[in-house]
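These notes concern the structure reproduced below.
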Amino acid sequence: MSKVLVVDDEASMRHILALHLRHERYEIVEASGVEQARRAIEQETLDAVIADQKMKDGDGMEVLAFARNTDPTLSVVFLTAFATIELAVESMRRGAFDFITKPFVPEVVLAATQRAIEHTQLLRENVRLRDRVIRLEGSAEIVGSSPAIRELRKRIARVAPTNATVLITGETGSGKELVARAIHQNSPLASRPLVAVNCAAFPDTLLESELFGHERGAFTGADRAREGLFEAANDGILFLDEAGDMSIAAQSRLLRVLSDGLVTRLGSTRPRRVNVRLLVATNRDLERRVREGLFREDLYYRIAVVPLAVPPLRERREDIPQLCQLFLAQASRDLKIPLRTISADAIKLLLDYNFPGNVRELKNLIERACILSTGSEIVADNFPVTRAKRIDSADLTDSKRQLQLEELAGMLPESLDLRHFLASLEKTLILRSLRAARWVQAEAARRLGLTRSDLSYKLDKHGLKNSTP
């Protein structure tokens, strides 16, 4: 119910006006003069003010000025028995919404009041939208002032209030989950939980059960019925991370949900209707996987309604100093250690590093340096990286890649057992990736550009199936 303040020092006029407004189901607050009006504006959440121009303790201009200073979105309508063109122009110039002469026609006042309320609500909605964008622009998670990050935040601000499906692409560690979280926090569904699942963390059959649920007895070990994440996220948002690793069977079931909004649990024939907004993230090139027959083309076009590409850290190096300050503060809070500073030489070293692990790698480097450093300042020696930029395959043309391979070959003896050498090299690279991924096989597979089944085969081939840290 909208609340209207009526200000008039004539009690009869004030009561008549209030009576007409109450008849239209407005909540009315009455004030007999300027001082009472000021207190009401301070204490009440008002949607409009109707103020007499001439009163014993002041005039409507004072009420208008106080309202503009207290709440610039609050619309004020003037009533006056001494109407002049000069007064009307001056009141509008100072921000009055409307100007009505006495004796008033009730229908005219009611129409002006309704327009004033709608104007107030529109201004407040604009403020809320602007504040939402400001919060997003100043998010403590999506940090940076580089052109790429500013453009990403603008696109998030545009897509978040809609119900569109969003495809978030980017390298591992670049911040795809943070983008999904920002979309959720700035959407109309922010009060609902963000339900998330890492598709690469489950074998195919378990992923389908996780997403779509199952009935009792649907498979070995299914001793009770269980709802899937689509049902859990009903009327909310579901975030599918690393969706490029889904099997064709799981993709087909996902396509049906997106097509008709129906979910059928494993072992059941009864579909259940769900209303879910979908956010999808992947570090895979889905267009390439479509060409290779590894990802359904019709599903790709369903999920790529609004694509958002998260830039790798090497393409926004100017954000590194700001990210360092953020991670230093987080490390101090989370690790309960004194706040560290970082030297200019250390910043220069990080600016020269290629960060194959992106923002996640920078965060880990800062945390490690905070733990291991003995002084209050983190210096370059605290970081186990070199100033030379690490070669990244994405940065190499075919000719440059061939030169690098020739340089590597030149370091090897002219005669060797090629089969044994390649097997040893493969095993070494797999072990290195496992260590870098903290023995999480799904992460190691992504680092090597393999599927989980490919990595599982190679672990078995090299006798690494039961490898542990």
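Chain labels run A, B, ... following the order of the structure tokens; each chain numbers its residues from 1, and ligands are numbered from 1 in the order shown.
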Problem set entry | All alpha helix (DSSP H) residues (DSSP, backbone) inside segment 42-224 of chain A, as a ChimeraX atom specification | /A:42-43,60-70,85-93,106-137,147-159,176-185,204-212
Restricted to C-alpha atoms, what would the selected residues look like written as a PDB file, in the first residue's frame?
```pdb
ATOM      1  CA  GLU A  42      12.441  11.672   8.328  1.00  0.00           C
ATOM      2  CA  GLN A  43      10.516   8.909  10.086  1.00  0.00           C
ATOM      3  CA  GLY A  60       5.590  24.371   0.703  1.00  0.00           C
ATOM      4  CA  MET A  61       8.984  25.326  -0.757  1.00  0.00           C
ATOM      5  CA  GLU A  62      10.567  24.471   2.598  1.00  0.00           C
ATOM      6  CA  VAL A  63       8.822  21.074   2.605  1.00  0.00           C
ATOM      7  CA  LEU A  64      10.038  20.502  -0.966  1.00  0.00           C
ATOM      8  CA  ALA A  65      13.630  21.440  -0.111  1.00  0.00           C
ATOM      9  CA  PHE A  66      13.663  19.159   2.942  1.00  0.00           C
ATOM     10  CA  ALA A  67      12.161  16.264   0.962  1.00  0.00           C
ATOM     11  CA  ARG A  68      14.727  16.682  -1.846  1.00  0.00           C
ATOM     12  CA  ASN A  69      17.600  16.654   0.649  1.00  0.00           C
ATOM     13  CA  THR A  70      16.245  13.693   2.624  1.00  0.00           C
ATOM     14  CA  ILE A  85       2.713  31.597 -13.297  1.00  0.00           C
ATOM     15  CA  GLU A  86       5.851  32.707 -11.447  1.00  0.00           C
ATOM     16  CA  LEU A  87       5.070  30.435  -8.456  1.00  0.00           C
ATOM     17  CA  ALA A  88       4.310  27.470 -10.703  1.00  0.00           C
ATOM     18  CA  VAL A  89       7.545  27.924 -12.664  1.00  0.00           C
ATOM     19  CA  GLU A  90       9.632  28.369  -9.506  1.00  0.00           C
ATOM     20  CA  SER A  91       8.159  25.300  -7.788  1.00  0.00           C
ATOM     21  CA  MET A  92       8.778  23.113 -10.837  1.00  0.00           C
ATOM     22  CA  ARG A  93      12.296  24.516 -11.200  1.00  0.00           C
ATOM     23  CA  PRO A 106     -10.821  15.428  -6.269  1.00  0.00           C
ATOM     24  CA  GLU A 107     -10.310  13.490  -9.495  1.00  0.00           C
ATOM     25  CA  VAL A 108      -7.469  15.835 -10.515  1.00  0.00           C
ATOM     26  CA  VAL A 109      -5.704  15.437  -7.168  1.00  0.00           C
ATOM     27  CA  LEU A 110      -6.131  11.652  -7.218  1.00  0.00           C
ATOM     28  CA  ALA A 111      -4.710  11.439 -10.746  1.00  0.00           C
ATOM     29  CA  ALA A 112      -1.754  13.658  -9.813  1.00  0.00           C
ATOM     30  CA  THR A 113      -1.125  11.602  -6.673  1.00  0.00           C
ATOM     31  CA  GLN A 114      -1.082   8.350  -8.631  1.00  0.00           C
ATOM     32  CA  ARG A 115       1.354   9.808 -11.183  1.00  0.00           C
ATOM     33  CA  ALA A 116       3.560  11.112  -8.355  1.00  0.00           C
ATOM     34  CA  ILE A 117       3.643   7.672  -6.701  1.00  0.00           C
ATOM     35  CA  GLU A 118       4.523   5.997 -10.006  1.00  0.00           C
ATOM     36  CA  HIS A 119       7.267   8.579 -10.561  1.00  0.00           C
ATOM     37  CA  THR A 120       8.711   7.892  -7.098  1.00  0.00           C
ATOM     38  CA  GLN A 121       8.660   4.146  -7.690  1.00  0.00           C
ATOM     39  CA  LEU A 122      10.324   4.558 -11.079  1.00  0.00           C
ATOM     40  CA  LEU A 123      13.111   6.701  -9.605  1.00  0.00           C
ATOM     41  CA  ARG A 124      13.665   4.196  -6.798  1.00  0.00           C
ATOM     42  CA  GLU A 125      13.812   1.289  -9.240  1.00  0.00           C
ATOM     43  CA  ASN A 126      16.408   3.189 -11.266  1.00  0.00           C
ATOM     44  CA  VAL A 127      18.428   3.721  -8.088  1.00  0.00           C
ATOM     45  CA  ARG A 128      18.194   0.014  -7.243  1.00  0.00           C
ATOM     46  CA  LEU A 129      19.354  -0.938 -10.737  1.00  0.00           C
ATOM     47  CA  ARG A 130      22.214   1.559 -10.557  1.00  0.00           C
ATOM     48  CA  ASP A 131      23.221   0.263  -7.140  1.00  0.00           C
ATOM     49  CA  ARG A 132      23.116  -3.281  -8.491  1.00  0.00           C
ATOM     50  CA  VAL A 133      25.518  -2.320 -11.292  1.00  0.00           C
ATOM     51  CA  ILE A 134      27.739  -0.426  -8.838  1.00  0.00           C
ATOM     52  CA  ARG A 135      27.875  -3.457  -6.547  1.00  0.00           C
ATOM     53  CA  LEU A 136      28.751  -5.582  -9.520  1.00  0.00           C
ATOM     54  CA  GLU A 137      31.350  -3.133 -10.783  1.00  0.00           C
ATOM     55  CA  PRO A 147      39.244  -3.105 -20.462  1.00  0.00           C
ATOM     56  CA  ALA A 148      38.510  -6.852 -20.703  1.00  0.00           C
ATOM     57  CA  ILE A 149      37.232  -7.060 -17.113  1.00  0.00           C
ATOM     58  CA  ARG A 150      35.235  -3.832 -17.376  1.00  0.00           C
ATOM     59  CA  GLU A 151      33.508  -5.176 -20.484  1.00  0.00           C
ATOM     60  CA  LEU A 152      32.842  -8.501 -18.748  1.00  0.00           C
ATOM     61  CA  ARG A 153      31.221  -6.745 -15.780  1.00  0.00           C
ATOM     62  CA  LYS A 154      29.044  -4.674 -18.114  1.00  0.00           C
ATOM     63  CA  ARG A 155      27.824  -7.808 -19.874  1.00  0.00           C
ATOM     64  CA  ILE A 156      27.120  -9.510 -16.549  1.00  0.00           C
ATOM     65  CA  ALA A 157      25.099  -6.479 -15.442  1.00  0.00           C
ATOM     66  CA  ARG A 158      23.012  -6.679 -18.625  1.00  0.00           C
ATOM     67  CA  VAL A 159      22.359 -10.421 -18.558  1.00  0.00           C
ATOM     68  CA  LYS A 176      34.176 -18.782 -14.396  1.00  0.00           C
ATOM     69  CA  GLU A 177      32.524 -19.716 -11.092  1.00  0.00           C
ATOM     70  CA  LEU A 178      32.867 -16.125  -9.868  1.00  0.00           C
ATOM     71  CA  VAL A 179      31.032 -14.937 -12.977  1.00  0.00           C
ATOM     72  CA  ALA A 180      28.228 -17.417 -12.315  1.00  0.00           C
ATOM     73  CA  ARG A 181      28.040 -16.228  -8.709  1.00  0.00           C
ATOM     74  CA  ALA A 182      27.894 -12.578  -9.818  1.00  0.00           C
ATOM     75  CA  ILE A 183      25.041 -13.355 -12.234  1.00  0.00           C
ATOM     76  CA  HIS A 184      23.159 -15.125  -9.435  1.00  0.00           C
ATOM     77  CA  GLN A 185      23.721 -12.342  -6.883  1.00  0.00           C
ATOM     78  CA  ASP A 204      28.797 -40.603 -16.558  1.00  0.00           C
ATOM     79  CA  THR A 205      26.190 -42.719 -14.742  1.00  0.00           C
ATOM     80  CA  LEU A 206      26.638 -40.904 -11.443  1.00  0.00           C
ATOM     81  CA  LEU A 207      26.411 -37.512 -13.179  1.00  0.00           C
ATOM     82  CA  GLU A 208      23.021 -38.399 -14.651  1.00  0.00           C
ATOM     83  CA  SER A 209      21.819 -39.499 -11.207  1.00  0.00           C
ATOM     84  CA  GLU A 210      23.197 -36.296  -9.684  1.00  0.00           C
ATOM     85  CA  LEU A 211      21.447 -34.064 -12.211  1.00  0.00           C
ATOM     86  CA  PHE A 212      18.169 -35.885 -12.779  1.00  0.00           C
TER      87      PHE A 212
END
```
Exercise. Neighbours of Gly213 of chain A within 12 Å (only C-alpha atoms; same-chain residues fewer than 2 positions away dropped), as number ranges by chain?
Worked result: A: 205-211, 215-216, 218-219, 222, 224-232, 253, 263-268, 271-272
Seminar exercise, completed: With distances taken over only C-alpha atoms, the candidate from A:Asn382, A:Thr341, A:Ser259, A:Thr428 nearest Ala329 of chain A is A:Thr341
For this session: Within 7 Å of segment 354-366 of chain A, counting only C-alpha atoms, which residues show up once you throw out same-chain ones fewer than 6 positions away? Write them as an MDAnalysis selection string, please.
Result: chainID A and resid 172:175 312:314 327:328 383 389:390
Give me a file of those residues, with N, CA and C atoms, as a compact mmCIF listing (two decimals), in the first residue's frame.
```txt
# COMPACT_ATOMS: atom_id res chain seq x y z
N THR A 172 40.96 -22.86 -17.22
CA THR A 172 40.90 -23.28 -15.82
C THR A 172 41.52 -22.22 -14.93
N GLY A 173 40.82 -21.88 -13.86
CA GLY A 173 41.34 -20.91 -12.91
C GLY A 173 41.12 -19.46 -13.26
N SER A 174 40.41 -19.19 -14.36
CA SER A 174 40.23 -17.80 -14.79
C SER A 174 39.10 -17.08 -14.06
N GLY A 175 38.20 -17.83 -13.39
CA GLY A 175 37.15 -17.19 -12.61
C GLY A 175 35.75 -17.41 -13.15
N PRO A 312 41.87 -14.83 -19.82
CA PRO A 312 42.94 -15.37 -18.98
C PRO A 312 43.75 -14.23 -18.36
N LEU A 313 44.45 -14.54 -17.28
CA LEU A 313 45.17 -13.49 -16.56
C LEU A 313 46.27 -12.86 -17.41
N ARG A 314 46.88 -13.65 -18.31
CA ARG A 314 47.97 -13.10 -19.14
C ARG A 314 47.46 -12.03 -20.10
N PHE A 327 44.29 -10.56 -2.53
CA PHE A 327 44.66 -11.87 -1.99
C PHE A 327 45.52 -11.74 -0.73
N LEU A 328 46.30 -10.68 -0.62
CA LEU A 328 47.05 -10.44 0.62
C LEU A 328 46.09 -10.21 1.78
N PHE A 383 58.58 -16.15 -4.49
CA PHE A 383 57.77 -16.77 -5.53
C PHE A 383 58.60 -17.73 -6.36
N LYS A 389 58.67 -15.43 -19.45
CA LYS A 389 57.28 -15.87 -19.58
C LYS A 389 57.26 -17.33 -20.02
N ARG A 390 56.45 -18.11 -19.33
CA ARG A 390 56.32 -19.51 -19.69
C ARG A 390 55.62 -19.63 -21.04
```
Exercise. Could you pull the residues within 9 Å of His15 of chain A, counting only C-alpha atoms, minus those fewer than 4 positions along the same chain, as a VMD selection string?
Worked result: chain A and resid 6 10 to 11 19 to 20 30
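If only C-alpha atoms are the atoms counted, then among A:Glu367, A:Asp59, A:Asp345, A:Asp319 the closest residue to Asp381 of chain A is A:Asp345.
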Could you find all residues in segment 271-456 of chain A that DSSP calls strand (DSSP E) from the backbone, and write them as a tab-separated table (two decimals) with N, CA and C atoms, in the first residue's frame?
```
chain	number	residue	atom	x	y	z
A	271	PRO	N	7.63	-38.08	-15.72
A	271	PRO	CA	8.39	-36.82	-15.80
A	271	PRO	C	7.89	-35.82	-14.76
A	272	ARG	N	8.79	-34.99	-14.30
A	272	ARG	CA	8.47	-33.93	-13.35
A	272	ARG	C	8.84	-32.59	-13.98
A	273	ARG	N	7.93	-31.62	-13.86
A	273	ARG	CA	8.19	-30.31	-14.46
A	273	ARG	C	9.04	-29.46	-13.54
A	276	VAL	N	13.91	-23.89	-14.14
A	276	VAL	CA	15.28	-23.66	-13.70
A	276	VAL	C	15.99	-22.76	-14.71
A	277	ARG	N	16.67	-21.73	-14.20
A	277	ARG	CA	17.57	-20.96	-15.07
A	277	ARG	C	18.93	-21.64	-15.05
A	278	LEU	N	19.53	-21.81	-16.23
A	278	LEU	CA	20.76	-22.58	-16.35
A	278	LEU	C	21.94	-21.67	-16.66
A	279	LEU	N	23.01	-21.84	-15.89
A	279	LEU	CA	24.31	-21.23	-16.18
A	279	LEU	C	25.28	-22.37	-16.45
A	280	VAL	N	26.01	-22.29	-17.55
A	280	VAL	CA	26.90	-23.37	-17.97
A	280	VAL	C	28.30	-22.81	-18.13
A	281	ALA	N	29.31	-23.55	-17.64
A	281	ALA	CA	30.70	-23.13	-17.78
A	281	ALA	C	31.53	-24.27	-18.33
A	282	THR	N	32.54	-23.91	-19.10
A	282	THR	CA	33.45	-24.92	-19.64
A	282	THR	C	34.77	-24.29	-20.02
A	306	VAL	N	23.57	-16.65	-24.40
A	306	VAL	CA	24.40	-15.48	-24.12
A	306	VAL	C	25.79	-16.00	-23.74
A	307	PRO	N	26.77	-15.89	-24.63
A	307	PRO	CA	28.12	-16.35	-24.28
A	307	PRO	C	28.91	-15.26	-23.55
A	308	LEU	N	29.60	-15.65	-22.50
A	308	LEU	CA	30.48	-14.75	-21.76
A	308	LEU	C	31.85	-15.39	-21.70
A	309	ALA	N	32.86	-14.74	-22.25
A	309	ALA	CA	34.22	-15.26	-22.24
A	309	ALA	C	35.02	-14.58	-21.12
A	341	THR	N	52.84	-6.84	2.99
A	341	THR	CA	52.93	-5.98	1.82
A	341	THR	C	53.73	-6.73	0.75
A	342	ILE	N	53.78	-6.20	-0.44
A	342	ILE	CA	54.49	-6.86	-1.53
A	342	ILE	C	55.40	-5.85	-2.21
A	377	GLU	N	57.27	-7.99	4.45
A	377	GLU	CA	57.13	-7.70	3.03
A	377	GLU	C	57.47	-8.94	2.22
A	378	ILE	N	56.60	-9.24	1.24
A	378	ILE	CA	56.85	-10.35	0.33
A	378	ILE	C	57.72	-9.84	-0.81
```
Exercise. Any idea what's packed within 12 Å of Met13 of chain A, counting only C-alpha atoms, ignoring anything in its chain fewer than 3 positions away? Could you give it as a list in words?
Worked result: Val6, Val7, Asp8, Asp9, Glu10, Ile16, Leu17, Ala18, Leu19, His20, Glu30, Ala31, Ser32, Ile50, Ala51, Asp52, Leu79, Thr80, Ala81, Lys102, Pro103, Phe104 and Pro106 of chain A
Exercise. Could you state the separation of atom CA of Gly261 of chain A and atom CA of Tyr301 of chain A in Å, given to one decimal place?
Worked result: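 Separation of atom CA of Gly261 of chain A and atom CA of Tyr301 of chain A: 16.5 Å.
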For this session: Measuring atom to atom with only C-alpha atoms, identify which of A:Pro193, A:Lys458, A:Leu326, A:Ser376 is nearest to Ile142 of chain A.
Result: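 Result for the nearest residue to Ile142 of chain A: A:Leu326.
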For this session: Do a neighbour search on Ala442 of chain A at 9 Å with only C-alpha atoms, toss out local chain neighbours closer than 4 positions, and write the hits as number ranges by chain.
Result: A: 200-202, 437, 446-447, 451-452, 455
